[in-house]
$ cat start.pdb   # PDB, C-alpha atoms, pLDDT in the B column
MODEL        1
ATOM      1  CA  MET A   2     -89.037 -30.637 -70.487  1.00 56.00           C
ATOM      2  CA  SER A   3     -87.806 -33.189 -67.924  1.00 82.00           C
ATOM      3  CA  LEU A   4     -84.189 -34.208 -68.186  1.00 89.00           C
ATOM      4  CA  ASN A   5     -83.268 -37.770 -69.049  1.00 92.00           C
ATOM      5  CA  PRO A   6     -82.105 -39.524 -65.818  1.00 94.00           C
ATOM      6  CA  THR A   7     -79.059 -41.018 -67.548  1.00 95.00           C
ATOM      7  CA  LEU A   8     -77.889 -37.555 -68.586  1.00 96.00           C
ATOM      8  CA  VAL A   9     -78.256 -36.325 -65.010  1.00 95.00           C
ATOM      9  CA  VAL A  10     -76.217 -39.288 -63.740  1.00 96.00           C
ATOM     10  CA  LEU A  11     -73.521 -38.641 -66.349  1.00 97.00           C
ATOM     11  CA  ALA A  12     -73.344 -34.940 -65.538  1.00 97.00           C
ATOM     12  CA  ARG A  13     -72.923 -35.773 -61.848  1.00 97.00           C
ATOM     13  CA  MET A  14     -70.079 -38.130 -62.701  1.00 97.00           C
ATOM     14  CA  MET A  15     -68.357 -35.581 -64.938  1.00 98.00           C
ATOM     15  CA  ALA A  16     -68.694 -32.529 -62.688  1.00 98.00           C
ATOM     16  CA  GLY A  17     -65.490 -32.146 -60.733  1.00 98.00           C
ATOM     17  CA  GLU A  18     -61.788 -31.402 -60.593  1.00 98.00           C
ATOM     18  CA  PHE A  19     -59.653 -34.342 -61.675  1.00 98.00           C
ATOM     19  CA  ASP A  20     -56.032 -35.314 -62.166  1.00 98.00           C
ATOM     20  CA  ASN A  21     -54.143 -38.350 -63.456  1.00 98.00           C
ATOM     21  CA  ARG A  22     -51.394 -38.372 -60.837  1.00 98.00           C
ATOM     22  CA  GLU A  23     -51.206 -42.159 -60.467  1.00 98.00           C
ATOM     23  CA  GLN A  24     -51.023 -42.715 -64.221  1.00 98.00           C
ATOM     24  CA  ALA A  25     -48.382 -40.021 -64.708  1.00 97.00           C
ATOM     25  CA  ILE A  26     -46.202 -41.497 -61.959  1.00 98.00           C
ATOM     26  CA  ALA A  27     -46.536 -45.029 -63.326  1.00 97.00           C
ATOM     27  CA  ASP A  28     -45.836 -44.087 -66.959  1.00 96.00           C
ATOM     28  CA  PRO A  29     -44.326 -40.571 -67.173  1.00 95.00           C
ATOM     29  CA  VAL A  30     -42.916 -41.117 -70.668  1.00 93.00           C
ATOM     30  CA  TRP A  31     -46.352 -41.338 -72.263  1.00 93.00           C
ATOM     31  CA  PHE A  32     -48.682 -39.572 -69.852  1.00 96.00           C
ATOM     32  CA  VAL A  33     -48.231 -35.979 -68.751  1.00 95.00           C
ATOM     33  CA  HIS A  34     -49.491 -35.125 -65.272  1.00 97.00           C
ATOM     34  CA  LEU A  35     -52.629 -33.083 -65.992  1.00 98.00           C
ATOM     35  CA  ARG A  36     -55.390 -31.425 -64.035  1.00 98.00           C
ATOM     36  CA  LEU A  37     -58.886 -31.342 -65.558  1.00 98.00           C
ATOM     37  CA  TRP A  38     -61.851 -29.177 -64.585  1.00 98.00           C
ATOM     38  CA  GLN A  39     -65.431 -29.876 -65.637  1.00 98.00           C
ATOM     39  CA  ARG A  40     -68.054 -27.540 -64.195  1.00 97.00           C
ATOM     40  CA  PRO A  41     -71.764 -27.057 -64.958  1.00 96.00           C
ATOM     41  CA  VAL A  42     -72.792 -23.895 -66.786  1.00 96.00           C
ATOM     42  CA  PRO A  43     -76.346 -22.479 -67.106  1.00 93.00           C
ATOM     43  CA  LEU A  44     -76.622 -22.775 -70.889  1.00 95.00           C
ATOM     44  CA  PHE A  45     -79.226 -24.819 -72.819  1.00 94.00           C
ATOM     45  CA  ARG A  46     -80.732 -25.685 -69.465  1.00 88.00           C
ATOM     46  CA  GLU A  47     -84.254 -25.950 -70.825  1.00 86.00           C
ATOM     47  CA  ASP A  48     -83.528 -29.358 -72.366  1.00 90.00           C
ATOM     48  CA  SER A  49     -79.952 -30.441 -71.587  1.00 95.00           C
ATOM     49  CA  LEU A  50     -77.003 -30.231 -69.201  1.00 96.00           C
ATOM     50  CA  THR A  51     -73.803 -28.445 -70.190  1.00 97.00           C
ATOM     51  CA  LEU A  52     -70.326 -28.483 -68.695  1.00 98.00           C
ATOM     52  CA  PHE A  53     -67.338 -26.225 -69.222  1.00 98.00           C
ATOM     53  CA  ALA A  54     -64.048 -28.118 -69.510  1.00 98.00           C
ATOM     54  CA  GLU A  55     -60.412 -27.086 -69.529  1.00 98.00           C
ATOM     55  CA  GLN A  56     -57.147 -28.623 -68.418  1.00 97.00           C
ATOM     56  CA  SER A  57     -53.603 -27.703 -67.458  1.00 97.00           C
ATOM     57  CA  ASN A  58     -50.223 -29.278 -66.916  1.00 97.00           C
ATOM     58  CA  VAL A  59     -49.607 -29.435 -63.159  1.00 96.00           C
ATOM     59  CA  ILE A  60     -46.263 -27.744 -63.799  1.00 95.00           C
ATOM     60  CA  ASN A  61     -48.101 -24.694 -65.187  1.00 94.00           C
ATOM     61  CA  PRO A  62     -51.433 -24.588 -63.325  1.00 91.00           C
ATOM     62  CA  ASP A  63     -51.970 -20.948 -64.281  1.00 93.00           C
ATOM     63  CA  GLN A  64     -51.898 -21.795 -68.006  1.00 96.00           C
ATOM     64  CA  PRO A  65     -55.038 -23.866 -68.651  1.00 97.00           C
ATOM     65  CA  TYR A  66     -55.926 -24.725 -72.233  1.00 95.00           C
ATOM     66  CA  ARG A  67     -58.483 -26.587 -74.419  1.00 95.00           C
ATOM     67  CA  GLN A  68     -61.445 -24.581 -73.167  1.00 97.00           C
ATOM     68  CA  ARG A  69     -64.679 -26.133 -74.495  1.00 97.00           C
ATOM     69  CA  LEU A  70     -68.307 -26.870 -73.699  1.00 98.00           C
ATOM     70  CA  VAL A  71     -69.896 -30.324 -73.617  1.00 98.00           C
ATOM     71  CA  ARG A  72     -73.690 -30.362 -73.939  1.00 98.00           C
ATOM     72  CA  LEU A  73     -75.378 -33.577 -72.769  1.00 98.00           C
ATOM     73  CA  MET A  74     -78.704 -33.894 -74.524  1.00 97.00           C
ATOM     74  CA  GLN A  75     -81.523 -36.185 -75.630  1.00 95.00           C
ATOM     75  CA  THR A  76     -82.402 -36.419 -79.334  1.00 94.00           C
ATOM     76  CA  ASP A  77     -85.085 -38.012 -81.489  1.00 91.00           C
ATOM     77  CA  ARG A  78     -82.553 -40.192 -83.288  1.00 90.00           C
ATOM     78  CA  PRO A  79     -83.261 -43.845 -82.377  1.00 90.00           C
ATOM     79  CA  GLU A  80     -79.693 -44.914 -83.147  1.00 91.00           C
ATOM     80  CA  ALA A  81     -78.267 -42.300 -80.760  1.00 93.00           C
ATOM     81  CA  PRO A  82     -80.931 -40.982 -78.363  1.00 95.00           C
ATOM     82  CA  LEU A  83     -78.350 -39.606 -75.919  1.00 97.00           C
ATOM     83  CA  GLN A  84     -75.524 -37.446 -77.233  1.00 97.00           C
ATOM     84  CA  ALA A  85     -72.672 -35.208 -76.130  1.00 98.00           C
ATOM     85  CA  GLN A  86     -72.327 -32.182 -78.413  1.00 98.00           C
ATOM     86  CA  TYR A  87     -69.187 -30.030 -78.262  1.00 98.00           C
ATOM     87  CA  TYR A  88     -68.925 -26.268 -78.666  1.00 98.00           C
ATOM     88  CA  ALA A  89     -65.828 -24.092 -79.015  1.00 97.00           C
ATOM     89  CA  PHE A  90     -65.225 -20.602 -77.652  1.00 96.00           C
ATOM     90  CA  LYS A  91     -64.741 -17.838 -80.171  1.00 95.00           C
ATOM     91  CA  ASN A  92     -62.289 -16.190 -77.768  1.00 95.00           C
ATOM     92  CA  PRO A  93     -60.861 -18.868 -75.432  1.00 95.00           C
ATOM     93  CA  SER A  94     -58.770 -16.325 -73.540  1.00 95.00           C
ATOM     94  CA  ALA A  95     -61.977 -14.706 -72.266  1.00 96.00           C
ATOM     95  CA  VAL A  96     -62.783 -17.840 -70.255  1.00 97.00           C
ATOM     96  CA  LYS A  97     -59.259 -19.003 -69.481  1.00 97.00           C
ATOM     97  CA  GLY A  98     -59.080 -20.187 -65.888  1.00 97.00           C
ATOM     98  CA  ALA A  99     -62.865 -20.392 -65.530  1.00 97.00           C
ATOM     99  CA  GLY A 100     -62.528 -23.903 -64.134  1.00 96.00           C
ATOM    100  CA  LEU A 101     -61.612 -22.192 -60.864  1.00 95.00           C
ATOM    101  CA  LYS A 102     -63.841 -19.132 -61.346  1.00 94.00           C
ATOM    102  CA  PRO A 103     -67.544 -20.044 -61.366  1.00 90.00           C
ATOM    103  CA  ASP A 104     -68.539 -16.385 -61.740  1.00 93.00           C
ATOM    104  CA  ILE A 105     -67.070 -16.430 -65.249  1.00 95.00           C
ATOM    105  CA  LEU A 106     -69.029 -19.575 -66.094  1.00 94.00           C
ATOM    106  CA  ASN A 107     -72.310 -18.079 -64.920  1.00 92.00           C
ATOM    107  CA  ALA A 108     -71.795 -15.138 -67.281  1.00 95.00           C
ATOM    108  CA  ILE A 109     -71.091 -17.149 -70.461  1.00 96.00           C
ATOM    109  CA  THR A 110     -73.508 -16.326 -73.285  1.00 96.00           C
ATOM    110  CA  LEU A 111     -74.491 -18.090 -76.492  1.00 97.00           C
ATOM    111  CA  GLU A 112     -72.771 -15.322 -78.455  1.00 97.00           C
ATOM    112  CA  GLN A 113     -69.404 -16.457 -77.064  1.00 97.00           C
ATOM    113  CA  ILE A 114     -69.579 -20.021 -78.350  1.00 97.00           C
ATOM    114  CA  GLU A 115     -69.433 -21.785 -81.713  1.00 96.00           C
ATOM    115  CA  PHE A 116     -71.324 -24.943 -82.635  1.00 97.00           C
ATOM    116  CA  LEU A 117     -69.038 -27.735 -83.903  1.00 96.00           C
ATOM    117  CA  PRO A 118     -71.216 -29.846 -86.233  1.00 93.00           C
ATOM    118  CA  GLY A 119     -69.037 -32.959 -86.429  1.00 94.00           C
ATOM    119  CA  CYS A 120     -68.018 -32.961 -82.775  1.00 97.00           C
ATOM    120  CA  VAL A 121     -70.750 -35.170 -81.354  1.00 97.00           C
ATOM    121  CA  LEU A 122     -70.632 -38.417 -79.395  1.00 98.00           C
ATOM    122  CA  LYS A 123     -73.152 -41.181 -78.757  1.00 97.00           C
ATOM    123  CA  ILE A 124     -73.688 -41.886 -75.050  1.00 98.00           C
ATOM    124  CA  THR A 125     -74.299 -45.483 -73.966  1.00 96.00           C
ATOM    125  CA  SER A 126     -74.293 -47.446 -70.734  1.00 92.00           C
ATOM    126  CA  GLN A 127     -72.458 -50.690 -70.176  1.00 79.00           C
ATOM    127  CA  PRO A 128     -74.687 -53.480 -68.790  1.00 74.00           C
ATOM    128  CA  GLY A 129     -73.722 -54.509 -65.279  1.00 74.00           C
ATOM    129  CA  GLU A 130     -71.359 -51.570 -64.804  1.00 81.00           C
ATOM    130  CA  ASN A 131     -71.893 -48.169 -63.237  1.00 89.00           C
ATOM    131  CA  ARG A 132     -70.162 -46.638 -66.242  1.00 94.00           C
ATOM    132  CA  LEU A 133     -71.255 -44.439 -69.131  1.00 97.00           C
ATOM    133  CA  VAL A 134     -69.356 -44.221 -72.407  1.00 97.00           C
ATOM    134  CA  ALA A 135     -69.364 -41.578 -75.146  1.00 98.00           C
ATOM    135  CA  GLN A 136     -68.047 -42.600 -78.571  1.00 97.00           C
ATOM    136  CA  PRO A 137     -67.841 -40.850 -81.965  1.00 95.00           C
ATOM    137  CA  MET A 138     -70.849 -41.035 -84.240  1.00 90.00           C
ATOM    138  CA  PRO A 139     -70.326 -42.974 -87.493  1.00 87.00           C
ATOM    139  CA  ASP A 140     -68.906 -40.883 -90.326  1.00 85.00           C
ATOM    140  CA  CYS A 141     -68.468 -37.827 -88.053  1.00 90.00           C
ATOM    141  CA  GLN A 142     -65.186 -35.938 -87.981  1.00 93.00           C
ATOM    142  CA  CYS A 143     -64.480 -33.190 -85.478  1.00 96.00           C
ATOM    143  CA  PHE A 144     -62.763 -30.069 -86.827  1.00 94.00           C
ATOM    144  CA  PHE A 145     -62.168 -26.743 -85.134  1.00 90.00           C
ATOM    145  CA  SER A 146     -60.053 -23.627 -85.549  1.00 85.00           C
ATOM    146  CA  TYR A 147     -56.894 -23.250 -83.462  1.00 78.00           C
ATOM    147  CA  GLN A 148     -54.745 -20.128 -83.755  1.00 76.00           C
ATOM    148  CA  GLY A 149     -56.199 -19.478 -87.185  1.00 79.00           C
ATOM    149  CA  ASN A 150     -55.549 -22.991 -88.475  1.00 85.00           C
ATOM    150  CA  LYS A 151     -57.920 -25.890 -89.084  1.00 91.00           C
ATOM    151  CA  ALA A 152     -57.373 -28.709 -86.599  1.00 92.00           C
ATOM    152  CA  GLN A 153     -58.915 -32.124 -86.069  1.00 95.00           C
ATOM    153  CA  VAL A 154     -59.538 -34.135 -82.913  1.00 96.00           C
ATOM    154  CA  GLN A 155     -61.037 -37.543 -82.263  1.00 96.00           C
ATOM    155  CA  LEU A 156     -63.182 -37.344 -79.142  1.00 97.00           C
ATOM    156  CA  GLY A 157     -64.347 -39.908 -76.633  1.00 98.00           C
ATOM    157  CA  PHE A 158     -64.735 -40.448 -72.904  1.00 98.00           C
ATOM    158  CA  ALA A 159     -65.983 -42.815 -70.216  1.00 98.00           C
ATOM    159  CA  ALA A 160     -67.150 -41.917 -66.729  1.00 98.00           C
ATOM    160  CA  ASN A 161     -68.077 -43.508 -63.437  1.00 96.00           C
ATOM    161  CA  PRO A 162     -68.632 -41.885 -60.024  1.00 96.00           C
ATOM    162  CA  ASP A 163     -64.916 -41.700 -59.153  1.00 97.00           C
ATOM    163  CA  THR A 164     -62.985 -41.563 -62.412  1.00 98.00           C
ATOM    164  CA  PHE A 165     -63.067 -40.030 -65.868  1.00 98.00           C
ATOM    165  CA  GLU A 166     -61.265 -41.453 -68.906  1.00 98.00           C
ATOM    166  CA  SER A 167     -60.461 -39.199 -71.845  1.00 98.00           C
ATOM    167  CA  TYR A 168     -59.852 -40.740 -75.258  1.00 98.00           C
ATOM    168  CA  ASP A 169     -59.332 -37.373 -76.972  1.00 97.00           C
ATOM    169  CA  LYS A 170     -56.461 -37.268 -79.412  1.00 96.00           C
ATOM    170  CA  GLY A 171     -55.269 -34.863 -82.044  1.00 94.00           C
ATOM    171  CA  ILE A 172     -55.338 -36.082 -85.632  1.00 95.00           C
ATOM    172  CA  ASP A 173     -52.997 -35.031 -88.431  1.00 94.00           C
ATOM    173  CA  ILE A 174     -55.409 -34.022 -91.183  1.00 94.00           C
ATOM    174  CA  ALA A 175     -53.077 -35.139 -93.970  1.00 94.00           C
ATOM    175  CA  THR A 176     -52.098 -38.570 -92.601  1.00 96.00           C
ATOM    176  CA  GLN A 177     -55.043 -39.194 -90.241  1.00 94.00           C
ATOM    177  CA  LYS A 178     -52.553 -40.390 -87.609  1.00 95.00           C
ATOM    178  CA  ALA A 179     -52.848 -39.473 -83.935  1.00 95.00           C
ATOM    179  CA  THR A 180     -50.278 -36.879 -82.859  1.00 93.00           C
ATOM    180  CA  TRP A 181     -51.153 -35.985 -79.254  1.00 93.00           C
ATOM    181  CA  GLY A 182     -53.407 -36.972 -76.396  1.00 94.00           C
ATOM    182  CA  ALA A 183     -54.580 -40.534 -75.793  1.00 95.00           C
ATOM    183  CA  VAL A 184     -52.342 -42.049 -78.456  1.00 94.00           C
ATOM    184  CA  LEU A 185     -51.502 -45.152 -76.374  1.00 93.00           C
ATOM    185  CA  GLY A 186     -54.732 -45.329 -74.432  1.00 95.00           C
ATOM    186  CA  PRO A 187     -56.976 -43.063 -72.394  1.00 97.00           C
ATOM    187  CA  TYR A 188     -55.911 -40.486 -69.866  1.00 98.00           C
ATOM    188  CA  ARG A 189     -57.324 -41.861 -66.591  1.00 98.00           C
ATOM    189  CA  TYR A 190     -58.351 -39.132 -64.188  1.00 98.00           C
ATOM    190  CA  THR A 191     -59.415 -39.479 -60.557  1.00 98.00           C
ATOM    191  CA  LYS A 192     -61.977 -37.066 -59.144  1.00 98.00           C
ATOM    192  CA  ARG A 193     -60.403 -34.913 -56.421  1.00 98.00           C
ATOM    193  CA  ARG A 194     -63.217 -32.366 -55.953  1.00 98.00           C
ATOM    194  CA  ASP A 195     -66.914 -32.808 -56.677  1.00 97.00           C
ATOM    195  CA  PHE A 196     -68.817 -29.978 -58.402  1.00 96.00           C
ATOM    196  CA  ALA A 197     -72.134 -31.865 -58.609  1.00 95.00           C
ATOM    197  CA  ALA A 198     -73.739 -29.377 -56.194  1.00 94.00           C
ATOM    198  CA  GLU A 199     -73.389 -26.752 -58.930  1.00 93.00           C
ATOM    199  CA  LEU A 200     -75.355 -29.038 -61.229  1.00 87.00           C
ATOM    200  CA  PHE A 201     -78.075 -29.353 -58.623  1.00 66.00           C
ATOM    201  CA  ALA A 202     -78.215 -25.561 -58.411  1.00 73.00           C
ATOM    202  CA  THR A 203     -78.792 -25.467 -62.166  1.00 49.00           C
ATOM    203  CA  GLU A 204     -81.541 -28.066 -61.831  1.00 49.00           C
ATOM    204  CA  ARG A 205     -83.242 -25.997 -59.131  1.00 51.00           C
ATOM    205  CA  ALA A 206     -83.051 -22.962 -61.386  1.00 49.00           C
ATOM    206  CA  ILE A 207     -84.777 -24.925 -64.146  1.00 46.00           C
ATOM    207  CA  GLU A 208     -87.532 -25.995 -61.762  1.00 49.00           C
ATOM    208  CA  GLY A 209     -88.008 -22.421 -60.577  1.00 49.00           C
ATOM    209  CA  GLU A 210     -88.342 -21.124 -64.111  1.00 48.00           C
ATOM    210  CA  ASN A 211     -90.948 -23.787 -64.940  1.00 46.00           C
ATOM    211  CA  GLN A 212     -93.166 -23.041 -61.946  1.00 45.00           C
TER     212      GLN A 212
ENDMDL
END
$ encode --input "start.pdb" --output "structure tokens"
Amino acid sequence: MSLNPTLVVLARMMAGEFDNREQAIADPVWFVHLRLWQRPVPLFREDSLTLFAEQSNVINPDQPYRQRLVRLMQTDRPEAPLQAQYYAFKNPSAVKGAGLKPDILNAITLEQIEFLPGCVLKITSQPGENRLVAQPMPDCQCFFSYQGNKAQVQLGFAANPDTFESYDKGIDIATQKATWGAVLGPYRYTKRRDFAAELFATERAIEGENQ
């Protein structure tokens, strides 16, 4: 199956190491200085593109957190033909730090991950802009397990070739109010390293398997 060109463009935009240094300096009260890694992984490669993501506070670079997978895929739903589906890790500690260790990413298996049914975004392009946006699907709520407790997050992002905006924010299940993350607006990351070559390697692997 050939990959949708828009998904390939989005994956290229997303693949990299980012930080929000400028934002954190300009508004340190509301925006922590973070580093974000998003690297391609060879899962679901027969029909989609998948990236591993994690982040860390620059003060504690050896303590990354929020390990997750984002699968960019095409569907048969006319109202949302392009989607970003999230997966959690059953044991996040097993892949902790994998943003800087591609060997770990190449060894990830389907048995290590958990499908998150409500954690899906609709991908759209903005006319006249080299920008792709992923927004929550109507009536979808994203829940996951964190340290044995049920947690909720509202997801969302926007990407262009040089920057990545994260709209992710934690939601208090009882009050439905945002408690962490992009409470006052998105975290705006600038790409510092490009990992798109790793995506191309995955694409070549797909072509080789189909020959």
$ resolve_selection --input "start.pdb" --expression "the PyMOL selection byres ((chain A and resi 14) around 7)" --output "PyMOL selection string"
chain A and resi 10-13+15-16+160-162
$ residues_around --input "start.pdb" --residues "Trp31 of chain A" --least-positions-apart "3" --cutoff "12 Å" --atoms "all atoms listed in the file" --output "PyMOL selection string"
chain A and resi 24-28+34+181-188
$ closest_residue --input "start.pdb" --among "A:Gly17, A:Pro128, A:Leu200, A:Asn150" --to "Ser49 of chain A" --atoms "all atoms listed in the file"
A:Leu200
$ atom_distance --input "start.pdb" --atom1 "atom CA of Arg69 of chain A" --atom2 "atom CA of Lys97 of chain A"
10.3 Å
$ residues_near_point --input "start.pdb" --point "(-71.7, -41.9, -89.0)" --cutoff "12 Å" --atoms "only C-alpha atoms" --output "ChimeraX atom specification"
/A:80-81,119-123,136-143
$ resolve_selection --input "start.pdb" --expression "the PyMOL selection byres ((chain A and resi 63-65) around 12)" --output "PyMOL selection string"
chain A and resi 35-38+54-62+66-69+93-94+96-101
$ residues_around --input "start.pdb" --residues "Leu50 of chain A" --least-positions-apart "2" --cutoff "12 Å" --atoms "only C-alpha atoms" --output "short mmCIF file (atom, residue, chain, number, x, y, z; two decimals) with C-alpha atoms, in the coordinates of the input"
data_model
loop_
_atom_site.label_atom_id
_atom_site.label_comp_id
_atom_site.auth_asym_id
_atom_site.auth_seq_id
_atom_site.Cartn_x
_atom_site.Cartn_y
_atom_site.Cartn_z
CA SER A 3 -87.81 -33.19 -67.92
CA LEU A 4 -84.19 -34.21 -68.19
CA ASN A 5 -83.27 -37.77 -69.05
CA PRO A 6 -82.10 -39.52 -65.82
CA THR A 7 -79.06 -41.02 -67.55
CA LEU A 8 -77.89 -37.56 -68.59
CA VAL A 9 -78.26 -36.33 -65.01
CA VAL A 10 -76.22 -39.29 -63.74
CA LEU A 11 -73.52 -38.64 -66.35
CA ALA A 12 -73.34 -34.94 -65.54
CA ARG A 13 -72.92 -35.77 -61.85
CA MET A 15 -68.36 -35.58 -64.94
CA ALA A 16 -68.69 -32.53 -62.69
CA ARG A 40 -68.05 -27.54 -64.19
CA PRO A 41 -71.76 -27.06 -64.96
CA VAL A 42 -72.79 -23.90 -66.79
CA PRO A 43 -76.35 -22.48 -67.11
CA LEU A 44 -76.62 -22.78 -70.89
CA PHE A 45 -79.23 -24.82 -72.82
CA ARG A 46 -80.73 -25.68 -69.46
CA GLU A 47 -84.25 -25.95 -70.82
CA ASP A 48 -83.53 -29.36 -72.37
CA LEU A 52 -70.33 -28.48 -68.69
CA PHE A 53 -67.34 -26.22 -69.22
CA LEU A 70 -68.31 -26.87 -73.70
CA VAL A 71 -69.90 -30.32 -73.62
CA ARG A 72 -73.69 -30.36 -73.94
CA LEU A 73 -75.38 -33.58 -72.77
CA MET A 74 -78.70 -33.89 -74.52
CA GLN A 75 -81.52 -36.18 -75.63
CA LEU A 83 -78.35 -39.61 -75.92
CA GLN A 84 -75.52 -37.45 -77.23
CA ALA A 85 -72.67 -35.21 -76.13
CA GLN A 86 -72.33 -32.18 -78.41
CA TYR A 87 -69.19 -30.03 -78.26
CA ALA A 197 -72.13 -31.86 -58.61
CA GLU A 199 -73.39 -26.75 -58.93
CA LEU A 200 -75.36 -29.04 -61.23
CA PHE A 201 -78.08 -29.35 -58.62
CA ALA A 202 -78.22 -25.56 -58.41
CA THR A 203 -78.79 -25.47 -62.17
CA GLU A 204 -81.54 -28.07 -61.83
CA ILE A 207 -84.78 -24.92 -64.15
#
$ residues_near_point --input "start.pdb" --point "(-54.6, -33.6, -90.6)" --cutoff "12 Å" --atoms "all atoms listed in the file" --output "VMD selection string"
chain A and resid 142 to 145 150 to 155 170 to 180
$ closest_residue --input "start.pdb" --among "A:Tyr88, A:Phe158, A:Tyr168, A:Tyr190" --to "Ile124 of chain A" --atoms "all atoms listed in the file"
A:Phe158
$ atom_distance --input "start.pdb" --atom1 "atom CA of Glu112 of chain A" --atom2 "atom CA of Lys91 of chain A"
8.6 Å
$ atom_distance --input "start.pdb" --atom1 "atom CA of Asp77 of chain A" --atom2 "atom CA of Thr125 of chain A"
15.1 Å
$ closest_residue --input "start.pdb" --among "A:Ile109, A:Pro82, A:Phe165, A:Gln127" --to "Lys192 of chain A" --atoms "all atoms listed in the file"
A:Phe165
$ resolve_selection --input "start.pdb" --expression "the PyMOL selection byres ((chain A and resi 90) around 6)" --output "list in words"
Ala89, Lys91, Asn92, Pro93, Gln113, Ile114 and Glu115 of chain A
$ write_last_selection --input "start.pdb" --atoms "C-alpha atoms" --output "PDB file, in the frame of the given file"
ATOM      1  CA  ALA A  89     -65.828 -24.092 -79.015  1.00 97.00           C
ATOM      2  CA  LYS A  91     -64.741 -17.838 -80.171  1.00 95.00           C
ATOM      3  CA  ASN A  92     -62.289 -16.190 -77.768  1.00 95.00           C
ATOM      4  CA  PRO A  93     -60.861 -18.868 -75.432  1.00 95.00           C
ATOM      5  CA  GLN A 113     -69.404 -16.457 -77.064  1.00 97.00           C
ATOM      6  CA  ILE A 114     -69.579 -20.021 -78.350  1.00 97.00           C
ATOM      7  CA  GLU A 115     -69.433 -21.785 -81.713  1.00 96.00           C
TER       8      GLU A 115
END
$ residues_around --input "start.pdb" --residues "Arg193 of chain A" --least-positions-apart "2" --cutoff "8 Å" --atoms "all atoms listed in the file" --output "ChimeraX atom specification"
/A:17-20,191,195
